[in-house]
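Notes to accompany the following structure.
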Amino acid sequence: MDAPLDAPAGLAPAAVALADADSADFGVSADSVDADEPAVAAFPTSPAFPTSSASPAPAAPAAPAAPAVPAQAGRAQPRPVVTELRLSAFGPHRGAAFRLGPVTLFAGPSGSGKSQALAAYEALAVLASGATLEEAFPDPGARIPDLAVPDAERRRGFRIGCTVDGPAGPVRLDLAVQAEPTLRIVGERLSQDGRILLATALRDPGRRSVQAAWLTGGAIGVTRAPLPDDRLGTALLPLRVAGATAGQRQVLASAEQVVVALRSVFPCDPRPERMRAPVPPGEGRLLGDCANLADVLRRTRHECGTRHALLAEAARTGCAGPVTGLDVRVLAGGPVTAVLDRGTARPATELARLGAGELRFLALALVLLTGPGVLAMDPAAELLSARQALTVLADGFDRGLDRAQSAELLRLAQLSCGRGHIRLVAAVGEGTAAAARRLPGVTVVDLNP
């Protein structure tokens, strides 16, 4: 008989723990933070696992975990994707939950939190890749609300979380992060259908570890072990769970689904000033700033004829003057220069002579029309690329673009994201948001300060 899923000894009095699974704001007021609201001490404590004896129906917590996964498979996403982003005491966001669709555009005035939302998503992706908390949050103090007051131990922090849908069904990941005085993950929870699969809590503030407990099933019930406080415990589970029991298999399926979805992310912010100069030939994988656009066009021209033709067609709308194609010039042993072919009657135009908006348009169009194999990213190896969905994060998606360019990018986003293998999460201005509100399949999240 399985051991009861009670709270691991010493975890309930933890300095910081996650709130109940039903709490969207994790105990932080949805109102604006005032001088009396502490940022970390307000995090309520809770047991890492529910106690089976607390339920009048003992059979409920002992129900087999494995059947719950295939039961949802028919309704779940065929590819793991993030369907909700949750932020609490994170920049201007207070207990916020944002539903994410195939194309999700954040809109709102300056200071409303568009960039903060994308930064949180990117941080989760970085953590899922195995990076440290310092790499995910190089400036954690910038994420704390301005008026957040430290607790008696001078701690301040924030919370981020997401829901990942996929073959295993919807899975929730929630993190409580202490930003000051020491950056650390002080609480993490992985759950599905209200059942907690992994929970961590800070047991000894003097040690750089958290006490973790994850569902095992079988004769053991729960496995407890310390995990580092600067890395995502969910990303470490596949290295520690054997998958010998139904409970372990549910933990593995849920953890791997979350990791796959979060790692399949490409943050993109084209920088025109870096895209004008010829570049040395390389792998032809587009960098996040798109500085090597010419080399990537060299590759797509020879290896991805259909997509290259679609990009050239888009360039006719997004670039001034006649455009008959996209070409490259490669000197023997020298750099690569990309050009717009203007037809037989006019000389080609090098990218160096294009406007900043034209360059950003070409780079973003290329990203929407391509896939992970042409982008400088490291997708998860747990699944074939055909079973993964790439999510493009683009802050200032329409920055420097005119109305026609923005409209064409929205059209490409609908075309590519409608097929299910690419998703877009971007921050846009009001003009683009107004046009997007009329488009099917596009979710516009309106933020107000």
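In the structure tokens, chains take letters A, B, ... by order of appearance, with residues numbered from 1 within each chain and ligands from 1 in the order shown.
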task = Return as a ChimeraX atom specification the full set of residues in region 108-252 of chain A whose backbone-based DSSP assignment is strand (DSSP E).
result = /A:156-165,171-180,184-192,195-201,209-217,221-228
message = Applying 9 Å and only C-alpha atoms, which residues near Arg263 (chain A) remain after dropping the ones on its own chain fewer than 5 positions away? List them as a VMD selection string.
response = chain A and resid 124 to 129 258 377 to 380 390
Coordinates-based distance that separates CA of Val444 (chain A) from CA of Ala176 (chain A) (Å, one decimal) = 27.2 Å
